[in-house]
$ cat start_30.cif   # mmCIF, C-alpha atoms
data_protein
loop_
_atom_site.label_atom_id
_atom_site.label_comp_id
_atom_site.auth_asym_id
_atom_site.auth_seq_id
_atom_site.Cartn_x
_atom_site.Cartn_y
_atom_site.Cartn_z
CA MET A 309 208.73 126.00 29.70
CA ALA A 310 206.16 123.56 31.05
CA ARG A 311 202.68 125.00 31.55
CA ARG A 312 201.52 125.24 35.19
CA ILE A 313 198.47 123.17 36.12
CA SER A 314 195.90 123.72 38.88
CA MET A 315 196.00 121.98 42.26
CA ALA A 316 192.85 120.01 41.39
CA THR A 317 194.49 118.73 38.22
CA ARG A 318 197.62 117.80 40.15
CA SER A 319 195.54 115.78 42.62
CA GLU A 320 193.84 113.95 39.78
CA LEU A 321 197.21 113.26 38.17
CA VAL A 322 198.63 111.86 41.43
CA ALA A 323 195.59 109.62 41.88
CA ALA A 324 196.03 108.31 38.34
CA ILE A 325 199.73 107.42 38.52
CA VAL A 326 200.41 106.70 42.18
CA GLU A 327 199.69 102.96 41.93
CA ARG A 328 201.80 102.56 38.79
CA TYR A 329 204.64 104.37 40.52
CA ARG A 330 204.52 102.18 43.63
CA LEU A 331 204.28 98.90 41.70
CA GLY A 332 206.82 99.79 39.03
CA GLY A 333 210.47 98.85 38.89
CA ARG A 334 213.38 101.23 39.27
CA SER A 335 213.50 102.28 35.62
CA ASP A 336 209.69 102.67 35.47
CA LYS A 337 209.71 104.84 38.61
CA CYS A 338 212.42 107.09 37.16
CA ARG A 339 210.48 107.56 33.94
CA ILE A 340 207.16 108.24 35.75
CA LEU A 341 208.89 110.65 38.12
CA ASP A 342 210.52 112.57 35.26
CA GLU A 343 207.15 113.03 33.56
CA PHE A 344 205.42 113.99 36.83
CA VAL A 345 208.04 116.66 37.64
CA ALA A 346 207.87 118.09 34.10
CA VAL A 347 204.07 118.40 34.23
CA THR A 348 203.55 119.63 37.82
CA GLY A 349 206.66 121.78 38.31
CA TYR A 350 207.33 120.09 41.66
CA HIS A 351 210.86 119.75 43.04
CA ARG A 352 212.02 116.18 42.45
CA LYS A 353 212.34 115.36 46.17
CA HIS A 354 208.89 116.76 46.88
CA ALA A 355 207.45 114.76 43.99
CA ILE A 356 208.93 111.56 45.47
CA ARG A 357 207.30 112.32 48.83
CA VAL A 358 203.95 113.04 47.18
CA LEU A 359 203.92 109.80 45.23
CA ALA A 360 205.30 107.66 48.06
CA GLY A 361 203.41 108.96 51.10
CA ARG A 362 200.06 110.25 49.88
CA GLU A 363 197.84 107.54 51.43
CA LYS A 364 199.58 107.62 54.81
CA ARG A 365 199.15 111.37 55.27
CA ARG A 366 195.52 111.30 54.16
CA SER A 367 194.55 108.60 56.66
CA GLY A 368 196.34 110.45 59.49
CA ASN A 369 194.51 113.71 58.82
CA LYS A 370 191.17 111.92 58.77
CA SER A 371 191.69 110.28 62.14
CA ASN A 372 192.82 113.53 63.77
CA SER A 373 189.82 115.46 62.47
CA LEU A 374 187.41 112.97 64.05
CA ARG A 375 189.12 112.69 67.43
CA TYR A 376 187.69 115.70 69.26
CA GLY A 377 184.01 116.55 69.07
CA SER A 378 181.74 119.31 70.35
CA ASN A 379 181.70 117.87 73.89
CA VAL A 380 185.46 118.41 74.16
CA ARG A 381 185.09 121.94 72.81
CA GLU A 382 182.34 122.85 75.32
CA ALA A 383 184.40 121.49 78.23
CA LEU A 384 187.45 123.43 77.03
CA ILE A 385 185.41 126.65 76.97
CA VAL A 386 184.49 126.10 80.64
CA LEU A 387 188.16 125.45 81.49
CA TRP A 388 189.27 128.50 79.49
CA GLU A 389 186.79 130.81 81.24
CA ALA A 390 187.63 129.41 84.69
CA SER A 391 191.35 130.06 84.08
CA ASP A 392 190.69 133.73 83.22
CA ARG A 393 191.08 132.99 79.49
CA LEU A 394 194.68 131.82 79.53
CA CYS A 395 196.46 131.02 76.30
CA SER A 396 196.52 127.31 75.42
CA LYS A 397 200.18 126.77 76.32
CA ARG A 398 199.55 128.03 79.85
CA LEU A 399 196.15 126.34 80.15
CA LYS A 400 197.47 122.89 79.23
CA PRO A 401 199.43 122.22 82.47
CA LEU A 402 196.58 123.74 84.51
CA ILE A 403 193.91 121.30 83.29
CA PRO A 404 194.78 118.49 85.79
CA ILE A 405 194.29 121.03 88.62
CA LEU A 406 191.15 122.73 87.30
CA LEU A 407 189.20 119.61 86.27
CA PRO A 408 188.70 118.12 89.77
CA ALA A 409 187.72 121.54 91.15
CA LEU A 410 185.17 122.20 88.40
CA GLU A 411 183.69 118.72 88.82
CA ARG A 412 183.53 119.13 92.59
CA HIS A 413 181.59 122.39 92.25
CA GLY A 414 179.23 121.07 89.59
CA ARG A 415 180.60 123.10 86.69
CA LEU A 416 181.48 120.00 84.64
CA GLU A 417 180.15 116.45 84.45
CA LEU A 418 182.62 114.21 82.64
CA ASP A 419 182.81 110.53 81.78
CA ASP A 420 186.12 108.68 81.62
CA ALA A 421 186.45 109.04 77.83
CA LEU A 422 185.89 112.80 77.84
CA ARG A 423 188.22 113.28 80.79
CA SER A 424 190.97 111.36 78.98
CA LYS A 425 190.57 113.52 75.88
CA LEU A 426 190.79 116.74 77.90
CA MET A 427 193.97 115.52 79.57
CA ALA A 428 195.52 114.55 76.23
CA VAL A 429 194.51 117.52 74.06
CA SER A 430 197.50 119.51 72.79
CA PRO A 431 197.81 123.32 72.95
CA ALA A 432 197.62 123.55 69.16
CA THR A 433 194.33 121.60 69.10
CA MET A 434 192.99 123.75 71.93
CA ASP A 435 193.74 126.83 69.83
CA ARG A 436 191.72 125.40 66.94
CA LEU A 437 188.78 124.38 69.15
CA LEU A 438 188.65 127.75 70.93
CA THR A 439 189.01 129.92 67.83
CA GLU A 440 185.32 130.89 67.62
CA VAL A 441 185.01 131.95 71.26
CA ARG A 442 188.15 134.11 71.31
CA MET A 443 186.41 137.31 70.28
CA VAL A 444 188.47 139.80 72.27
CA ALA A 445 187.97 143.49 71.50
CA ARG A 446 191.12 145.46 70.80
CA GLY A 447 191.54 149.22 70.82
CA GLY A 448 193.61 152.14 72.06
CA GLN A 449 195.74 154.71 70.34
CA ARG A 450 199.42 154.72 69.62
CA ARG A 451 201.27 157.26 71.71
CA ARG A 452 203.81 159.44 69.96
CA ALA A 453 207.28 159.83 71.38
CA GLY A 454 208.32 163.25 72.64
CA MET A 455 210.95 165.54 71.22
CA SER A 456 214.60 164.57 71.53
CA SER A 457 216.47 166.01 74.47
CA ALA A 458 219.91 165.97 76.01
CA VAL A 459 218.64 163.68 78.79
CA ARG A 460 217.28 161.19 76.26
CA ARG A 461 220.53 161.18 74.36
CA SER A 462 222.44 160.48 77.58
CA VAL A 463 220.45 157.29 78.24
CA PRO A 464 221.76 154.24 76.32
CA VAL A 465 219.41 152.29 74.06
CA ARG A 466 218.64 148.65 74.81
CA THR A 467 216.97 146.65 72.03
CA PHE A 468 215.11 143.35 72.29
CA GLY A 469 218.30 141.52 71.26
CA ASP A 470 220.44 143.04 74.03
CA TRP A 471 218.89 141.41 77.11
CA ASN A 472 220.95 138.17 77.06
CA ASP A 473 218.92 136.45 79.81
CA PRO A 474 219.46 138.88 82.73
CA PRO A 475 218.97 137.89 86.39
CA PRO A 476 215.90 139.09 88.33
CA GLY A 477 215.91 142.85 88.89
CA PHE A 478 215.93 144.19 85.32
CA ALA A 479 212.50 145.76 84.82
CA GLU A 480 210.77 147.24 81.81
CA VAL A 481 208.57 150.25 82.62
CA ASP A 482 205.72 151.69 80.56
CA PHE A 483 202.51 153.70 80.92
CA ALA A 484 199.01 152.49 80.01
CA ALA A 485 196.83 155.55 79.43
CA HIS A 486 193.19 155.63 80.62
CA SER A 487 192.15 158.42 78.28
CA GLY A 488 189.10 156.89 76.61
CA THR A 489 188.47 158.17 73.10
CA SER A 490 190.28 161.49 73.63
CA SER A 491 193.84 162.14 74.75
CA SER A 492 193.15 165.79 75.64
CA GLY A 493 193.25 167.06 79.20
CA SER A 494 194.41 165.26 82.33
CA PHE A 495 193.61 161.60 82.96
CA VAL A 496 194.86 158.71 85.08
CA GLN A 497 197.62 156.45 83.79
CA THR A 498 198.87 153.12 85.07
CA MET A 499 202.61 152.66 85.39
CA VAL A 500 203.43 149.02 84.65
CA LEU A 501 206.76 147.52 85.79
CA THR A 502 207.62 144.01 84.57
CA ASP A 503 210.72 142.03 85.50
CA THR A 504 212.15 140.47 82.33
CA ALA A 505 213.56 137.38 84.04
CA THR A 506 210.56 136.29 86.13
CA GLY A 507 207.59 138.17 84.64
CA TRP A 508 206.72 139.63 88.07
CA THR A 509 204.57 142.71 87.40
CA GLU A 510 203.44 145.62 89.55
CA CYS A 511 200.87 148.21 88.45
CA MET A 512 200.79 151.68 89.99
CA PRO A 513 198.07 154.25 89.09
CA VAL A 514 199.38 157.79 88.56
CA ARG A 515 196.97 160.73 88.64
CA THR A 516 199.17 163.07 86.59
CA ARG A 517 202.38 162.56 84.65
CA ASP A 518 204.60 165.04 86.48
CA SER A 519 208.04 163.86 87.59
CA GLY A 520 207.20 163.86 91.31
CA ASN A 521 204.31 161.42 90.89
CA VAL A 522 206.40 159.22 88.62
CA ILE A 523 209.19 158.95 91.21
CA VAL A 524 206.69 158.23 94.01
CA ALA A 525 205.10 155.44 91.93
CA ILE A 526 208.52 153.91 91.17
CA LYS A 527 209.39 153.96 94.90
CA GLN A 528 206.12 152.22 95.83
CA ALA A 529 206.50 149.58 93.11
CA ARG A 530 210.15 149.02 94.05
CA SER A 531 209.13 148.16 97.62
CA LEU A 532 206.64 145.53 96.40
CA PHE A 533 209.03 143.44 94.32
CA PRO A 534 210.31 140.33 96.17
CA PHE A 535 213.87 141.04 94.97
CA PRO A 536 215.92 144.23 94.57
CA LEU A 537 215.57 146.12 91.31
CA LEU A 538 218.81 146.83 89.48
CA ASP A 539 217.78 148.39 86.17
CA PHE A 540 214.88 150.35 84.69
CA ASP A 541 214.28 150.14 80.94
CA PHE A 542 211.99 153.03 79.98
CA ASP A 543 210.46 153.98 76.67
CA ASN A 544 211.02 157.46 75.17
CA ASP A 545 208.09 159.04 77.03
CA SER A 546 208.96 162.49 78.37
CA ALA A 547 207.49 161.45 81.74
CA PHE A 548 210.55 159.18 82.11
CA MET A 549 213.12 160.88 79.90
CA ASN A 550 213.62 164.01 82.01
CA ALA A 551 216.37 165.23 84.31
CA PHE A 552 214.40 164.61 87.54
CA VAL A 553 213.51 160.93 86.96
CA VAL A 554 216.80 159.91 85.33
CA SER A 555 218.88 161.73 87.96
CA TRP A 556 216.89 160.15 90.81
CA CYS A 557 217.37 156.64 89.36
CA ARG A 558 221.09 157.16 89.03
CA SER A 559 221.32 158.58 92.57
CA GLU A 560 219.73 155.32 93.75
CA GLU A 561 222.41 153.37 91.84
CA LEU A 562 219.83 152.08 89.38
CA GLU A 563 220.95 151.58 85.79
CA VAL A 564 218.76 153.40 83.25
CA THR A 565 218.22 152.35 79.62
CA ARG A 566 215.57 153.10 77.02
CA SER A 567 213.93 151.44 74.05
CA ARG A 568 213.89 152.72 70.49
CA ALA A 569 211.03 154.95 69.39
CA TYR A 570 208.10 153.08 67.77
CA ARG A 571 209.79 149.68 68.35
CA LYS A 572 207.45 147.91 70.77
CA ASN A 573 209.42 144.67 70.52
CA ASP A 574 212.14 146.39 72.55
CA GLN A 575 209.71 146.31 75.49
CA ALA A 576 207.85 143.15 74.63
CA HIS A 577 207.55 141.93 78.24
CA VAL A 578 205.80 144.99 79.64
CA GLU A 579 203.74 145.55 76.46
CA GLN A 580 202.30 142.05 76.89
CA LYS A 581 201.37 142.80 80.51
CA ASN A 582 199.71 146.08 79.46
CA GLY A 583 197.18 144.02 77.53
CA ALA A 584 196.98 140.89 79.69
CA ILE A 585 196.59 142.73 83.01
CA VAL A 586 195.68 146.42 82.68
CA ARG A 587 193.46 146.34 79.58
CA ARG A 588 191.77 143.09 80.58
CA LEU A 589 190.93 144.41 84.06
CA VAL A 590 190.24 148.07 83.30
CA GLY A 591 189.57 148.30 79.57
CA TYR A 592 189.92 151.48 77.53
CA GLY A 593 187.61 153.88 79.38
CA ARG A 594 188.54 157.33 80.64
CA PHE A 595 189.46 157.80 84.32
CA VAL A 596 190.01 161.23 85.87
CA GLY A 597 190.72 162.48 89.38
CA ALA A 598 191.82 161.28 92.80
CA GLU A 599 188.82 158.98 93.38
CA ALA A 600 189.46 157.03 90.18
CA THR A 601 193.18 156.81 91.00
CA ALA A 602 192.40 155.39 94.46
CA ALA A 603 189.93 152.86 93.02
CA LEU A 604 192.50 151.61 90.52
CA GLY A 605 195.06 151.31 93.30
CA GLN A 606 192.68 149.14 95.34
CA LEU A 607 192.01 146.93 92.32
CA TYR A 608 195.69 146.36 91.64
CA VAL A 609 196.33 145.48 95.31
CA VAL A 610 193.69 142.75 95.07
CA VAL A 611 194.94 141.16 91.84
CA ARG A 612 198.75 141.53 92.14
CA LEU A 613 199.34 138.28 94.05
CA TYR A 614 196.85 136.38 91.88
CA GLY A 615 198.74 137.36 88.75
CA ASN A 616 202.24 136.97 90.15
CA LEU A 617 201.89 133.83 92.30
CA PHE A 618 198.90 131.87 90.99
CA GLN A 619 199.23 132.35 87.23
CA ARG A 620 201.71 130.30 85.22
CA SER A 621 204.15 132.12 82.98
CA PHE A 622 206.60 130.93 80.34
CA LYS A 623 209.62 132.45 78.67
CA LEU A 624 212.00 131.85 75.80
CA GLN A 625 214.64 129.22 76.65
CA GLU A 626 217.07 129.64 73.78
CA LYS A 627 217.60 131.19 70.35
CA THR A 628 219.29 129.63 67.32
CA ARG A 629 220.51 131.60 64.31
CA ILE A 630 220.25 129.96 60.86
CA GLY A 631 221.73 132.37 58.35
CA ALA A 632 219.89 135.67 58.65
CA ARG A 633 216.98 134.20 60.60
CA VAL A 634 216.78 133.64 64.37
#

$ encode --input "start_30.cif" --output "structure tokens"
Amino acid sequence: MARRISMATRSELVAAIVERYRLGGRSDKCRILDEFVAVTGYHRKHAIRVLAGREKRRSGNKSNSLRYGSNVREALIVLWEASDRLCSKRLKPLIPILLPALERHGRLELDDALRSKLMAVSPATMDRLLTEVRMVARGGQRRRAGMSSAVRRSVPVRTFGDWNDPPPGFAEVDFAAHSGTSSSGSFVQTMVLTDTATGWTECMPVRTRDSGNVIVAIKQARSLFPFPLLDFDFDNDSAFMNAFVVSWCRSEELEVTRSRAYRKNDQAHVEQKNGAIVRRLVGYGRFVGAEATAALGQLYVVVRLYGNLFQRSFKLQEKTRIGARV
């Protein structure tokens, strides 16, 4: 078996034979290629690409690395902060709207060259330029599912692969706990309802997790959606999986499904909103009592239209299966 060589040695070998390979005839190229494959262990097709396209790729990488400088990065940071720290794919189409406003209010002073670069920068490049400033603290504890019950067994499971692009009205529902560093005692929780088709999200603070408060919060959130709700997809939390809540939903002709325990991808839409809306606005502190519940309710009233009407959202358009991979 041929002995493996290091990447540095491979680069030196390519530099030594690439000109002979390009200038050689057909028989010479075959012989050089056979030797190169035997020494490097490369697949033959990959070896051909390495020897034939090395200079072209190197020059392209060099030009790209020099295109955007620190001035572009600093302007992007201002845009990113002004957009409430959107991800790059959502920030990209917002730049033509934000730039004139920021210039008008004196937040940015741009020349024509810098403005052109900001309009042309791709989301992937924005991710690279903003890497150092994206220092977002993460925390929280994983909540355990409750014990199995007859009610839970009566509710069908819906996984992340079972949605099949539903119309508006199919909502995922979850709790975001405001317990701080300890989950003991009573504390406020935010019920988050996210429509899977449109991303429309409503947040309702709940002082305690009893069934009556849960039903009241669902009624209030249901009245705020701009379209009728048809289905609630809960997790396995006992606050949802009990006879009172499930029976009330079914009496209102609402379909009820649930996710699998410890499979957060089954509720990916609402889990994303837990972080992007609740945790970003409120954080991970502990909130207790009626006063804190009322304050959270006032906060969510203020921000609900901003998040639902003035923030761009995007969703998966299609899936393609290639063998065992999707």

$ atom_distance --input "start_30.cif" --atom1 "CA of Glu480 (chain A)" --atom2 "CA of Phe552 (chain A)"
18.6 Å

$ resolve_selection --input "start_30.cif" --expression "the PyMOL selection byres ((chain A and resi 395) around 12)" --output "PyMOL selection string"
chain A and resi 384-385+387-389+391-394+396-402+431-432+434-436+438-439+442+584+619-622

$ closest_atom_pairs --input "start_30.cif" --of "region 498-608 of chain A" --to "region 464-478 of chain A" --cutoff "9 Å" --atoms "only C-alpha atoms" --output "CSV"
residue,atom,partner,partner_atom,distance
A:Thr502,CA,A:Phe478,CA,8.3
A:Asp503,CA,A:Phe478,CA,5.6
A:Thr504,CA,A:Phe478,CA,6.1
A:Ala505,CA,A:Pro476,CA,5.2
A:Thr506,CA,A:Pro476,CA,6.4
A:Phe533,CA,A:Gly477,CA,8.8
A:Phe535,CA,A:Gly477,CA,6.7
A:Pro536,CA,A:Gly477,CA,5.8
A:Leu537,CA,A:Gly477,CA,4.1
A:Leu538,CA,A:Gly477,CA,5.0
A:Asp539,CA,A:Phe478,CA,4.7
A:Phe540,CA,A:Phe478,CA,6.3
A:Asp541,CA,A:Phe478,CA,7.6
A:Glu563,CA,A:Phe478,CA,8.9
A:Val564,CA,A:Pro464,CA,7.6
A:Thr565,CA,A:Pro464,CA,5.2
A:Arg566,CA,A:Val465,CA,4.9
A:Ser567,CA,A:Arg466,CA,5.5
A:Arg568,CA,A:Val465,CA,6.6
A:Arg571,CA,A:Thr467,CA,8.6
A:Asn573,CA,A:Phe468,CA,6.1
A:Asp574,CA,A:Phe468,CA,4.3
A:Gln575,CA,A:Phe468,CA,6.9
A:Ala576,CA,A:Phe468,CA,7.6

$ write_last_selection --input "start_30.cif" --atoms "C-alpha atoms" --output "mmCIF file, in the coordinates of the input"
data_model
loop_
_atom_site.group_PDB
_atom_site.id
_atom_site.type_symbol
_atom_site.label_atom_id
_atom_site.label_comp_id
_atom_site.auth_asym_id
_atom_site.auth_seq_id
_atom_site.Cartn_x
_atom_site.Cartn_y
_atom_site.Cartn_z
ATOM 1 C CA THR A 502 207.620 144.010 84.570
ATOM 2 C CA ASP A 503 210.720 142.030 85.500
ATOM 3 C CA THR A 504 212.150 140.470 82.330
ATOM 4 C CA ALA A 505 213.560 137.380 84.040
ATOM 5 C CA THR A 506 210.560 136.290 86.130
ATOM 6 C CA PHE A 533 209.030 143.440 94.320
ATOM 7 C CA PHE A 535 213.870 141.040 94.970
ATOM 8 C CA PRO A 536 215.920 144.230 94.570
ATOM 9 C CA LEU A 537 215.570 146.120 91.310
ATOM 10 C CA LEU A 538 218.810 146.830 89.480
ATOM 11 C CA ASP A 539 217.780 148.390 86.170
ATOM 12 C CA PHE A 540 214.880 150.350 84.690
ATOM 13 C CA ASP A 541 214.280 150.140 80.940
ATOM 14 C CA GLU A 563 220.950 151.580 85.790
ATOM 15 C CA VAL A 564 218.760 153.400 83.250
ATOM 16 C CA THR A 565 218.220 152.350 79.620
ATOM 17 C CA ARG A 566 215.570 153.100 77.020
ATOM 18 C CA SER A 567 213.930 151.440 74.050
ATOM 19 C CA ARG A 568 213.890 152.720 70.490
ATOM 20 C CA ARG A 571 209.790 149.680 68.350
ATOM 21 C CA ASN A 573 209.420 144.670 70.520
ATOM 22 C CA ASP A 574 212.140 146.390 72.550
ATOM 23 C CA GLN A 575 209.710 146.310 75.490
ATOM 24 C CA ALA A 576 207.850 143.150 74.630
#

$ residues_around --input "start_30.cif" --residues "region 332-342 of chain A" --least-positions-apart "5" --cutoff "9 Å" --atoms "all atoms listed in the file" --output "list of chain:residue names"
A:Ile325, A:Glu327, A:Val347, A:Arg352, A:Ala355, A:Ile356, A:Leu359

$ residues_around --input "start_30.cif" --residues "Gly377 (chain A)" --least-positions-apart "6" --cutoff "10 Å" --atoms "all atoms listed in the file" --output "ChimeraX atom specification"
/A:422,425,437

$ atom_distance --input "start_30.cif" --atom1 "CA of Tyr570 (chain A)" --atom2 "CA of Arg594 (chain A)"
23.8 Å

$ atom_distance --input "start_30.cif" --atom1 "CA of Tyr376 (chain A)" --atom2 "CA of Val429 (chain A)"
8.5 Å

$ closest_residue --input "start_30.cif" --among "A:Val596, A:Asp482, A:Val326, A:Leu410" --to "Phe542 (chain A)" --atoms "all atoms listed in the file"
A:Asp482

$ residues_around --input "start_30.cif" --residues "region 486-500 of chain A" --least-positions-apart "3" --cutoff "8 Å" --atoms "all atoms listed in the file" --output "VMD selection string"
chain A and resid 448 481 to 483 509 to 517 525 578 581 to 582 586 592 to 597 600 to 601

$ resolve_selection --input "start_30.cif" --expression "the PyMOL selection byres ((chain A and resi 407) around 10)" --output "list in words"
Ala383, Val386, Leu387, Leu402, Ile403, Pro404, Ile405, Leu406, Pro408, Ala409, Leu410, Glu411, Arg412, Arg415, Leu416, Glu417, Leu418, Arg423, Leu426 and Met427 of chain A

$ residues_around --input "start_30.cif" --residues "Val459 (chain A)" --least-positions-apart "4" --cutoff "8 Å" --atoms "all atoms listed in the file" --output "VMD selection string"
chain A and resid 463 549 to 551 554

$ closest_residue --input "start_30.cif" --among "A:Ala360, A:Ile526, A:Arg330, A:Glu320" --to "Thr348 (chain A)" --atoms "all atoms listed in the file"
A:Glu320

$ closest_residue --input "start_30.cif" --among "A:Ala485, A:Val322, A:Arg530, A:Arg558" --to "Arg357 (chain A)" --atoms "all atoms listed in the file"
A:Val322

$ closest_residue --input "start_30.cif" --among "A:Arg587, A:Lys572, A:Arg460, A:Arg629" --to "Asp545 (chain A)" --atoms "all atoms listed in the file"
A:Arg460

$ closest_residue --input "start_30.cif" --among "A:Asp543, A:Glu343, A:Val553, A:Leu589" --to "Asp518 (chain A)" --atoms "all atoms listed in the file"
A:Val553

$ decode --input "start_30.cif" --residues "region 411-419 of chain A" --atoms "all heavy atoms" --output "mmCIF file, in the first residue's frame"
data_model
loop_
_atom_site.group_PDB
_atom_site.id
_atom_site.type_symbol
_atom_site.label_atom_id
_atom_site.label_comp_id
_atom_site.auth_asym_id
_atom_site.auth_seq_id
_atom_site.Cartn_x
_atom_site.Cartn_y
_atom_site.Cartn_z
ATOM 1 N N GLU A 411 -28.668 56.713 7.062
ATOM 2 C CA GLU A 411 -27.950 57.888 6.555
ATOM 3 C C GLU A 411 -28.710 59.170 6.873
ATOM 4 O O GLU A 411 -28.110 60.193 7.222
ATOM 5 C CB GLU A 411 -27.738 57.754 5.043
ATOM 6 C CG GLU A 411 -26.740 56.676 4.653
ATOM 7 C CD GLU A 411 -26.528 56.605 3.149
ATOM 8 O OE1 GLU A 411 -27.411 56.101 2.437
ATOM 9 O OE2 GLU A 411 -25.472 57.073 2.694
ATOM 10 N N ARG A 412 -30.017 59.115 6.762
ATOM 11 C CA ARG A 412 -30.832 60.306 7.016
ATOM 12 C C ARG A 412 -30.738 60.753 8.467
ATOM 13 O O ARG A 412 -30.771 61.949 8.770
ATOM 14 C CB ARG A 412 -32.283 60.007 6.642
ATOM 15 C CG ARG A 412 -33.212 61.216 6.719
ATOM 16 C CD ARG A 412 -34.540 60.951 6.043
ATOM 17 N NE ARG A 412 -35.247 59.825 6.632
ATOM 18 C CZ ARG A 412 -35.427 58.651 6.047
ATOM 19 N NH1 ARG A 412 -34.912 58.434 4.839
ATOM 20 N NH2 ARG A 412 -36.098 57.684 6.650
ATOM 21 N N HIS A 413 -30.607 59.787 9.385
ATOM 22 C CA HIS A 413 -30.529 60.109 10.811
ATOM 23 C C HIS A 413 -29.094 60.209 11.316
ATOM 24 O O HIS A 413 -28.877 60.272 12.534
ATOM 25 C CB HIS A 413 -31.290 59.059 11.616
ATOM 26 C CG HIS A 413 -32.776 59.104 11.404
ATOM 27 N ND1 HIS A 413 -33.599 60.033 11.995
ATOM 28 C CD2 HIS A 413 -33.584 58.336 10.634
ATOM 29 C CE1 HIS A 413 -34.849 59.836 11.625
ATOM 30 N NE2 HIS A 413 -34.872 58.806 10.798
ATOM 31 N N GLY A 414 -28.128 60.195 10.436
ATOM 32 C CA GLY A 414 -26.744 60.409 10.824
ATOM 33 C C GLY A 414 -26.057 59.218 11.451
ATOM 34 O O GLY A 414 -24.982 59.369 12.042
ATOM 35 N N ARG A 415 -26.632 58.021 11.313
ATOM 36 C CA ARG A 415 -25.995 56.832 11.884
ATOM 37 C C ARG A 415 -24.890 56.290 10.990
ATOM 38 O O ARG A 415 -23.986 55.602 11.462
ATOM 39 C CB ARG A 415 -27.046 55.749 12.117
ATOM 40 C CG ARG A 415 -28.088 56.094 13.154
ATOM 41 C CD ARG A 415 -27.533 56.018 14.556
ATOM 42 N NE ARG A 415 -26.963 54.711 14.821
ATOM 43 C CZ ARG A 415 -27.664 53.650 15.187
ATOM 44 N NH1 ARG A 415 -28.981 53.751 15.331
ATOM 45 N NH2 ARG A 415 -27.081 52.496 15.429
ATOM 46 N N LEU A 416 -24.964 56.561 9.695
ATOM 47 C CA LEU A 416 -23.952 56.094 8.746
ATOM 48 C C LEU A 416 -23.621 57.207 7.770
ATOM 49 O O LEU A 416 -24.506 57.968 7.361
ATOM 50 C CB LEU A 416 -24.447 54.868 7.973
ATOM 51 C CG LEU A 416 -24.426 53.502 8.665
ATOM 52 C CD1 LEU A 416 -25.056 52.451 7.768
ATOM 53 C CD2 LEU A 416 -23.005 53.094 9.037
ATOM 54 N N GLU A 417 -22.346 57.287 7.394
ATOM 55 C CA GLU A 417 -21.892 58.185 6.333
ATOM 56 C C GLU A 417 -21.148 57.337 5.311
ATOM 57 O O GLU A 417 -20.069 56.821 5.589
ATOM 58 C CB GLU A 417 -20.997 59.288 6.897
ATOM 59 C CG GLU A 417 -21.701 60.239 7.847
ATOM 60 C CD GLU A 417 -20.785 61.339 8.332
ATOM 61 O OE1 GLU A 417 -19.611 61.393 7.872
ATOM 62 O OE2 GLU A 417 -21.232 62.159 9.161
ATOM 63 N N LEU A 418 -21.733 57.183 4.129
ATOM 64 C CA LEU A 418 -21.217 56.242 3.143
ATOM 65 C C LEU A 418 -20.862 56.965 1.850
ATOM 66 O O LEU A 418 -21.562 57.900 1.429
ATOM 67 C CB LEU A 418 -22.276 55.161 2.837
ATOM 68 C CG LEU A 418 -22.884 54.418 4.025
ATOM 69 C CD1 LEU A 418 -23.983 53.487 3.552
ATOM 70 C CD2 LEU A 418 -21.805 53.645 4.759
ATOM 71 N N ASP A 419 -19.767 56.510 1.222
ATOM 72 C CA ASP A 419 -19.484 56.951 -0.138
ATOM 73 C C ASP A 419 -20.093 55.951 -1.113
ATOM 74 O O ASP A 419 -20.634 54.910 -0.723
ATOM 75 C CB ASP A 419 -17.978 57.101 -0.369
ATOM 76 C CG ASP A 419 -17.205 55.827 -0.030
ATOM 77 O OD1 ASP A 419 -17.783 54.727 -0.159
ATOM 78 O OD2 ASP A 419 -16.031 55.932 0.369
#
